[in-house]
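Next comes upload15.txt, with compact mmCIF, C-alpha atoms and all ligand atoms.
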```txt
# COMPACT_ATOMS: atom_id res chain seq x y z
CA MET A 1 106.76 119.89 108.18
CA LYS A 2 105.61 122.58 110.59
CA ALA A 3 103.57 124.22 107.85
CA GLN A 4 101.69 120.95 107.37
CA ARG A 5 100.92 120.89 111.05
CA PHE A 6 99.45 124.35 110.83
CA ALA A 7 97.32 123.25 107.92
CA HIS A 8 95.49 120.92 110.27
CA CYS A 9 94.72 123.82 112.57
CA SER A 10 92.60 125.47 109.93
CA ARG A 11 90.65 127.49 112.49
CA HIS A 12 93.90 129.16 113.39
CA SER A 13 95.51 129.63 110.05
CA ALA A 14 95.87 133.36 110.82
CA PHE A 15 97.97 132.45 113.84
CA ALA A 16 100.08 130.18 111.65
CA LYS A 17 100.56 132.77 108.96
CA HIS A 18 101.67 135.42 111.39
CA HIS A 19 103.85 133.38 113.63
CA LEU A 20 105.43 130.68 111.53
CA PRO A 21 108.12 132.93 110.01
CA LEU A 22 109.15 134.06 113.47
CA PHE A 23 110.70 130.75 114.25
CA GLY A 24 112.65 130.23 111.10
CA GLN A 25 112.20 128.86 107.64
CA SER A 26 114.53 125.93 108.03
CA LEU A 27 114.54 124.21 111.35
CA PRO A 28 117.66 122.37 112.45
CA ALA A 29 117.27 118.64 112.97
CA LEU A 30 116.10 117.73 116.43
CA ASN A 31 118.79 116.64 118.80
CA ARG A 32 117.25 113.23 119.26
CA SER A 33 119.36 110.94 121.38
CA SER A 34 118.09 107.53 122.33
CA ALA A 35 117.69 108.45 126.00
CA PRO A 36 114.53 110.49 126.61
CA ALA A 37 114.88 113.79 128.44
CA VAL A 38 111.99 112.79 130.68
CA LEU A 39 110.59 109.37 131.36
CA LEU A 40 107.49 108.52 133.37
CA ASP A 41 106.75 104.87 133.91
CA ASN A 42 103.41 103.85 135.34
CA VAL A 43 103.25 106.86 137.62
CA ARG A 44 100.58 107.52 140.19
CA LEU A 45 100.43 110.91 141.89
CA VAL A 46 98.47 111.46 145.05
CA ARG A 47 97.69 114.77 146.74
CA GLY A 48 95.83 115.20 149.98
CA GLY A 49 95.03 111.47 149.96
CA ARG A 50 93.43 111.68 146.51
CA THR A 51 94.78 110.04 143.37
CA ILE A 52 95.13 112.92 140.93
CA VAL A 53 96.66 110.99 137.99
CA ASP A 54 97.37 107.30 137.58
CA ASP A 55 99.04 104.92 135.12
CA ILE A 56 100.97 107.73 133.46
CA SER A 57 103.70 106.46 131.15
CA LEU A 58 105.44 108.75 128.72
CA ARG A 59 108.75 109.60 127.12
CA VAL A 60 109.75 113.12 126.20
CA PRO A 61 112.41 112.86 123.48
CA ALA A 62 115.47 115.09 123.97
CA GLY A 63 115.29 118.11 121.70
CA SER A 64 111.53 117.99 121.32
CA ILE A 65 108.72 120.28 122.35
CA THR A 66 106.06 118.21 124.08
CA ALA A 67 102.66 119.66 124.90
CA VAL A 68 100.74 118.36 127.89
CA LEU A 69 97.15 119.37 127.28
CA GLY A 70 93.99 118.80 129.23
CA PRO A 71 91.09 120.52 130.93
CA SER A 72 91.66 122.60 134.05
CA GLY A 73 92.05 120.49 137.15
CA CYS A 74 93.04 117.32 135.27
CA GLY A 75 96.46 117.17 136.93
CA LYS A 76 98.84 118.92 134.52
CA SER A 77 100.57 121.03 137.17
CA THR A 78 100.62 118.02 139.48
CA LEU A 79 102.47 116.09 136.78
CA LEU A 80 105.05 118.87 136.55
CA SER A 81 105.55 118.83 140.30
CA ALA A 82 106.70 115.21 139.95
CA LEU A 83 109.37 116.36 137.47
CA THR A 84 110.64 119.11 139.74
CA GLY A 85 110.72 116.71 142.70
CA GLU A 86 108.16 118.72 144.64
CA LEU A 87 105.90 115.65 144.70
CA GLN A 88 107.16 112.07 144.99
CA PRO A 89 105.15 109.52 143.02
CA ALA A 90 103.07 107.13 145.07
CA ARG A 91 103.84 104.53 142.43
CA GLY A 92 106.07 104.26 139.36
CA ARG A 93 109.26 105.90 138.19
CA VAL A 94 110.10 109.47 137.14
CA GLU A 95 113.44 110.11 135.43
CA VAL A 96 114.96 113.33 134.13
CA PHE A 97 117.90 112.89 131.75
CA GLY A 98 118.20 109.24 132.68
CA GLN A 99 118.28 109.79 136.45
CA ALA A 100 115.52 109.19 138.93
CA VAL A 101 114.31 112.50 140.39
CA PRO A 102 116.22 112.60 143.69
CA GLN A 103 114.56 112.63 147.08
CA THR A 104 117.21 114.36 149.18
CA SER A 105 117.07 118.14 149.15
CA LYS A 106 120.75 118.60 148.22
CA ALA A 107 120.53 116.32 145.17
CA LEU A 108 117.21 117.91 144.27
CA LEU A 109 118.75 121.39 144.29
CA GLU A 110 121.47 120.18 141.92
CA MET A 111 118.92 118.65 139.57
CA ARG A 112 116.77 121.77 139.60
CA LYS A 113 119.64 123.82 138.20
CA ARG A 114 119.11 121.81 135.03
CA LEU A 115 115.40 122.61 134.94
CA GLY A 116 114.13 125.96 133.77
CA VAL A 117 110.64 126.41 135.11
CA LEU A 118 108.15 129.07 134.12
CA LEU A 119 105.36 128.63 136.61
CA GLN A 120 101.78 129.79 136.36
CA GLY A 121 102.04 133.50 137.18
CA ASN A 122 105.42 135.05 136.59
CA GLY A 123 106.78 135.08 140.11
CA LEU A 124 108.86 138.20 139.40
CA LEU A 125 110.01 140.07 142.48
CA THR A 126 108.28 143.43 142.33
CA ASP A 127 111.02 145.46 144.03
CA LEU A 128 113.69 144.27 141.57
CA THR A 129 114.13 145.46 138.00
CA ALA A 130 113.84 143.06 135.07
CA GLY A 131 117.64 142.77 134.94
CA GLU A 132 117.92 142.16 138.70
CA ASN A 133 115.22 139.48 138.53
CA ILE A 134 117.18 137.64 135.85
CA ALA A 135 120.43 138.06 137.77
CA LEU A 136 118.94 136.47 140.87
CA PRO A 137 119.46 132.78 139.97
CA LEU A 138 122.95 133.61 138.69
CA ARG A 139 123.85 135.32 141.96
CA THR A 140 122.40 132.45 143.98
CA HIS A 141 124.04 129.60 142.11
CA THR A 142 127.29 131.01 140.72
CA ASP A 143 130.27 133.13 141.82
CA LEU A 144 130.52 135.02 138.56
CA PRO A 145 132.14 138.46 138.74
CA PRO A 146 129.68 141.36 138.26
CA PRO A 147 130.77 142.27 134.70
CA VAL A 148 130.24 138.69 133.52
CA LEU A 149 126.92 138.53 135.32
CA ASP A 150 125.82 141.77 133.65
CA LYS A 151 126.77 140.41 130.25
CA LEU A 152 124.81 137.20 130.87
CA VAL A 153 121.75 139.18 131.97
CA ASP A 154 121.98 141.23 128.75
CA MET A 155 122.22 138.03 126.72
CA LYS A 156 119.11 136.59 128.36
CA LEU A 157 117.20 139.83 127.88
CA HIS A 158 118.30 139.91 124.27
CA ALA A 159 117.12 136.31 123.80
CA VAL A 160 113.58 137.39 124.71
CA GLY A 161 113.81 140.68 122.81
CA LEU A 162 113.77 142.91 125.88
CA LEU A 163 117.22 144.41 126.19
CA ALA A 164 115.65 147.86 126.48
CA ALA A 165 113.59 146.79 129.50
CA ARG A 166 116.56 145.93 131.69
CA ASP A 167 115.97 148.73 134.22
CA LEU A 168 112.18 148.58 134.29
CA TYR A 169 110.27 147.25 137.28
CA PRO A 170 107.62 144.54 136.82
CA ARG A 171 104.81 147.11 137.30
CA GLU A 172 106.19 149.00 134.30
CA LEU A 173 105.96 145.95 132.02
CA SER A 174 102.97 144.71 130.02
CA GLY A 175 101.71 141.20 130.79
CA GLY A 176 103.52 139.80 127.77
CA MET A 177 106.77 141.58 128.61
CA ALA A 178 106.64 140.38 132.21
CA ARG A 179 106.14 136.81 130.96
CA ARG A 180 109.19 137.18 128.72
CA VAL A 181 111.30 138.47 131.61
CA ALA A 182 110.19 135.47 133.66
CA LEU A 183 111.16 133.26 130.72
CA ALA A 184 114.59 134.92 130.57
CA ARG A 185 115.01 134.30 134.28
CA ALA A 186 114.07 130.63 133.84
CA LEU A 187 116.80 130.46 131.19
CA ALA A 188 119.41 132.16 133.37
CA LEU A 189 121.37 129.02 134.26
CA ASP A 190 121.17 127.60 130.72
CA PRO A 191 119.03 124.62 131.70
CA PRO A 192 118.74 121.89 129.06
CA LEU A 193 115.09 121.25 129.99
CA MET A 194 112.43 123.96 130.07
CA ILE A 195 109.04 123.47 131.66
CA TYR A 196 106.28 125.96 130.98
CA ASP A 197 103.12 125.80 133.07
CA GLU A 198 100.27 127.62 131.30
CA PRO A 199 102.55 130.19 129.64
CA LEU A 200 99.62 131.96 127.97
CA THR A 201 97.42 132.58 130.99
CA GLY A 202 96.23 136.18 131.08
CA LEU A 203 97.84 137.16 127.77
CA ASP A 204 96.10 138.67 124.77
CA PRO A 205 96.30 136.84 121.40
CA ILE A 206 99.27 138.84 120.13
CA ALA A 207 101.32 138.41 123.30
CA SER A 208 100.34 134.71 123.24
CA GLY A 209 101.69 134.37 119.71
CA VAL A 210 104.93 136.05 120.72
CA ILE A 211 105.39 133.75 123.73
CA MET A 212 104.69 130.58 121.73
CA SER A 213 107.07 131.66 118.96
CA LEU A 214 109.70 132.42 121.55
CA ILE A 215 109.32 129.02 123.21
CA ALA A 216 109.77 127.35 119.81
CA ARG A 217 112.69 129.54 118.76
CA LEU A 218 114.56 129.12 122.02
CA ASN A 219 114.05 125.37 121.93
CA ARG A 220 115.60 125.14 118.47
CA ALA A 221 118.30 127.77 118.87
CA LEU A 222 119.54 126.57 122.26
CA GLY A 223 119.01 122.86 121.64
CA LEU A 224 116.63 122.53 124.60
CA THR A 225 113.88 120.10 125.44
CA SER A 226 110.62 121.82 126.29
CA ILE A 227 107.46 120.68 128.00
CA VAL A 228 104.54 123.06 127.58
CA VAL A 229 101.56 122.51 129.84
CA SER A 230 98.48 124.26 128.58
CA HIS A 231 94.76 124.18 128.07
CA HIS A 232 95.19 126.47 125.04
CA VAL A 233 95.08 123.73 122.43
CA HIS A 234 95.12 125.73 119.23
CA GLU A 235 97.91 128.04 120.27
CA THR A 236 100.08 125.21 121.56
CA LEU A 237 99.71 122.55 118.86
CA PRO A 238 101.49 124.48 116.09
CA ILE A 239 104.81 124.57 117.92
CA CYS A 240 104.94 121.08 119.38
CA ASP A 241 106.38 117.80 118.14
CA HIS A 242 104.47 115.58 120.56
CA VAL A 243 101.19 115.90 122.38
CA VAL A 244 99.95 114.24 125.52
CA VAL A 245 96.33 114.77 126.49
CA LEU A 246 95.37 114.16 130.10
CA ALA A 247 91.78 113.75 131.15
CA ASN A 248 90.04 111.97 133.98
CA GLY A 249 93.41 111.29 135.60
CA ARG A 250 94.83 109.29 132.66
CA VAL A 251 96.76 109.77 129.45
CA MET A 252 94.03 109.89 126.82
CA PHE A 253 96.28 110.57 123.87
CA ASN A 254 100.02 110.39 123.23
CA GLY A 255 101.23 111.12 119.71
CA SER A 256 101.88 113.71 117.05
CA PRO A 257 99.81 116.90 116.60
CA GLU A 258 98.65 115.51 113.25
CA ALA A 259 97.40 112.30 114.85
CA LEU A 260 95.64 114.33 117.53
CA GLN A 261 93.69 116.27 114.94
CA HIS A 262 92.54 112.95 113.44
CA SER A 263 91.87 111.15 116.69
CA ASP A 264 88.34 109.86 117.01
CA GLU A 265 88.72 109.06 120.71
CA PRO A 266 85.57 110.66 122.20
CA LEU A 267 87.45 112.17 125.15
CA VAL A 268 89.98 113.78 122.85
CA ARG A 269 87.27 115.09 120.52
CA GLN A 270 85.35 116.56 123.42
CA PHE A 271 88.44 118.34 124.67
CA LEU A 272 89.45 119.61 121.22
CA ASN A 273 85.95 120.85 120.49
CA GLY A 274 85.44 122.33 123.94
CA ALA A 275 82.12 120.54 124.30
CA PRO A 276 80.58 120.89 127.76
CA ASP A 277 79.03 117.41 127.71
CA GLY A 278 80.80 114.17 126.96
CA PRO A 279 83.03 111.52 128.47
CA ILE A 280 85.31 113.99 130.26
CA ALA A 281 83.81 114.34 133.69
CA PHE A 282 84.72 117.80 134.83
CA ASP A 283 83.61 116.84 138.31
CA SER A 284 86.15 114.08 138.03
CA PRO A 285 85.13 110.60 139.20
CA VAL A 286 88.82 109.86 139.82
CA ARG A 287 88.73 112.35 142.64
CA LYS A 288 85.50 111.04 144.04
CA GLN A 289 86.73 107.44 144.07
CA ALA A 290 90.19 108.09 145.45
N1 LIG B 1 98.44 120.67 147.14
C1 LIG B 1 97.31 120.03 146.80
N2 LIG B 1 96.62 119.28 147.71
C2 LIG B 1 95.49 118.64 147.38
N3 LIG B 1 94.96 118.66 146.14
C3 LIG B 1 95.59 119.38 145.20
C4 LIG B 1 96.78 120.10 145.46
N4 LIG B 1 97.18 120.72 144.33
C5 LIG B 1 96.27 120.40 143.39
N5 LIG B 1 95.32 119.60 143.91
C6 LIG B 1 94.16 119.04 143.20
O1 LIG B 1 94.66 118.22 142.17
C7 LIG B 1 93.82 118.32 141.02
C8 LIG B 1 94.68 118.65 139.83
O2 LIG B 1 95.22 119.94 139.99
P1 LIG B 1 96.27 120.54 139.00
O3 LIG B 1 97.39 119.58 138.82
O4 LIG B 1 96.62 121.90 139.51
O5 LIG B 1 95.41 120.63 137.64
P2 LIG B 1 95.70 121.43 136.30
O6 LIG B 1 97.08 121.98 136.37
O7 LIG B 1 95.51 120.43 135.21
O8 LIG B 1 94.67 122.51 136.20
C9 LIG B 1 92.76 119.37 141.35
O9 LIG B 1 91.60 118.70 141.73
C10 LIG B 1 93.34 120.12 142.51
O10 LIG B 1 92.33 120.60 143.35
MG MG B 2 97.74 123.92 136.38
```
What would you get if you wrote out this structure as structure tokens?
Ligand SMILES: Nc1ncnc2c1ncn2[C@@H]1O[C@H](COP(=O)(O)OP(=O)(O)O)[C@@H](O)[C@H]1O
Ligand SMILES: [Mg+2]
Amino acid sequence: MKAQRFAHCSRHSAFAKHHLPLFGQSLPALNRSSAPAVLLDNVRLVRGGRTIVDDISLRVPAGSITAVLGPSGCGKSTLLSALTGELQPARGRVEVFGQAVPQTSKALLEMRKRLGVLLQGNGLLTDLTAGENIALPLRTHTDLPPPVLDKLVDMKLHAVGLLAARDLYPRELSGGMARRVALARALALDPPLMIYDEPLTGLDPIASGVIMSLIARLNRALGLTSIVVSHHVHETLPICDHVVVLANGRVMFNGSPEALQHSDEPLVRQFLNGAPDGPIAFDSPVRKQA
């Protein structure tokens, strides 16, 4: 099934050929339960008095990898901030694992333990080693004895293929390695939902392929649900089950990667083709009106 998806991304068949085997020949069935991992119902998000996105309704099935694509500034990170509870919706409902995102800070902290977030930029602490960075959330949120903590850190490093980098400082890591350490840290508390905000920013094509393969492999192997926010369409599509395209403050497409490739919606085509002129107003009228 995945191979067919790659076939649609003909421009990137080299990417497919090199990276498909990395995440397994036979993929286990998705852990699809009836309740979505994330639900947005008619959501409006406002920042600084401006409506950034409006009328957003979507379901992220448990076990899936969902890509949220769209041009820079269209509100992708803003959408994520509604999932983490950083931003309360001005209208509509946001649920994570069947529960409304809480408003009180204590409940929010509890919920965030179940969210692994890899934000734009790695956010690694420069005076801590890779291992110490990964241990940080475990030290903060658990009372595990040091030997257990060490073992868990090793397991997370192993999961991202960086066991040997445990004692290296962020300045000693390549961009791709640093991103993988940040990913391991996001996984530290075994969250069932992973959110990646522009995981490829600043990475070369090989490191990008490694990160995307890792996101896919971890999702399958650990039975996670993943949301990948990106403007890197052709790198992201091959690993995802669902795609949401945001543009001009709205959901312009919501469906499978195959359907996206065949969409004749002008906004979607403009975004996929990277055309400078078209219905996507990069100086967004949504912002001017709001
Ligand atoms: N804290 C904020 N206050 C006011 N406006 C913001 C804030 N954060 C982002 N924005 C605006 O919201 C819009 C969407 O931003 P963002 O969600 O970061 O887009 P994307 O992640 O798709 O590139 C942009 O116009 C940006 O300037
Ligand atoms: Mg962003």
Query raised in the report: Which protein, DNA or RNA residues are at most 12 Å from (114.4, 129.0, 131.8) in the file's coordinates when you count only C-alpha atoms, listed as JSON, numbers by chain?
Result: {"A": [112, 113, 114, 115, 116, 117, 118, 119, 122, 134, 137, 138, 156, 157, 159, 160, 179, 180, 181, 182, 183, 184, 185, 186, 187, 188, 189, 190, 191, 192, 193, 194, 195, 196, 197, 214, 215, 218, 219, 222, 224, 225, 226, 227]}
Report task. Record the distance separating CA of Leu200 (chain A) and CA of Val268 (chain A), expressed in Å with one decimal. Result -> 21.2 Å
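Using only C-alpha atoms and all ligand atoms, the shortest contact distance between ligand LIG 1 (chain B) and any of A:Glu110, A:Glu198, A:Asp55, A:Glu95 is found at A:Glu198.
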Quick one: axis-aligned box around all listed atoms of region 77-80 of chain A, 4 Å on every side, centre and edge lengths in Å to one decimal, written as JSON.
```
{"center_x": 102.8, "center_y": 118.6, "center_z": 138.0, "size_x": 12.5, "size_y": 12.9, "size_z": 10.9}
```
Which residues are near ligand MG 2 (chain B) - at most 8 Å, using all atoms listed in the file? Format: as a short mmCIF file (atom, residue, chain, number, x, y, z; two decimals) with C-alpha atoms, in the coordinates of the input.
```cif
data_model
loop_
_atom_site.label_atom_id
_atom_site.label_comp_id
_atom_site.auth_asym_id
_atom_site.auth_seq_id
_atom_site.Cartn_x
_atom_site.Cartn_y
_atom_site.Cartn_z
CA SER A 72 91.66 122.60 134.05
CA GLY A 73 92.05 120.49 137.15
CA GLY A 75 96.46 117.17 136.93
CA LYS A 76 98.84 118.92 134.52
CA SER A 77 100.57 121.03 137.17
CA THR A 78 100.62 118.02 139.48
CA GLN A 120 101.78 129.79 136.36
CA ASP A 197 103.12 125.80 133.07
CA GLU A 198 100.27 127.62 131.30
CA VAL A 229 101.56 122.51 129.84
CA SER A 230 98.48 124.26 128.58
#
```
Report summary line: Among A:Asp54, A:Glu235, A:Glu172, A:Asp41, ligand LIG 1 (chain B) is approached most closely, using only C-alpha atoms and all ligand atoms, by A:Asp54
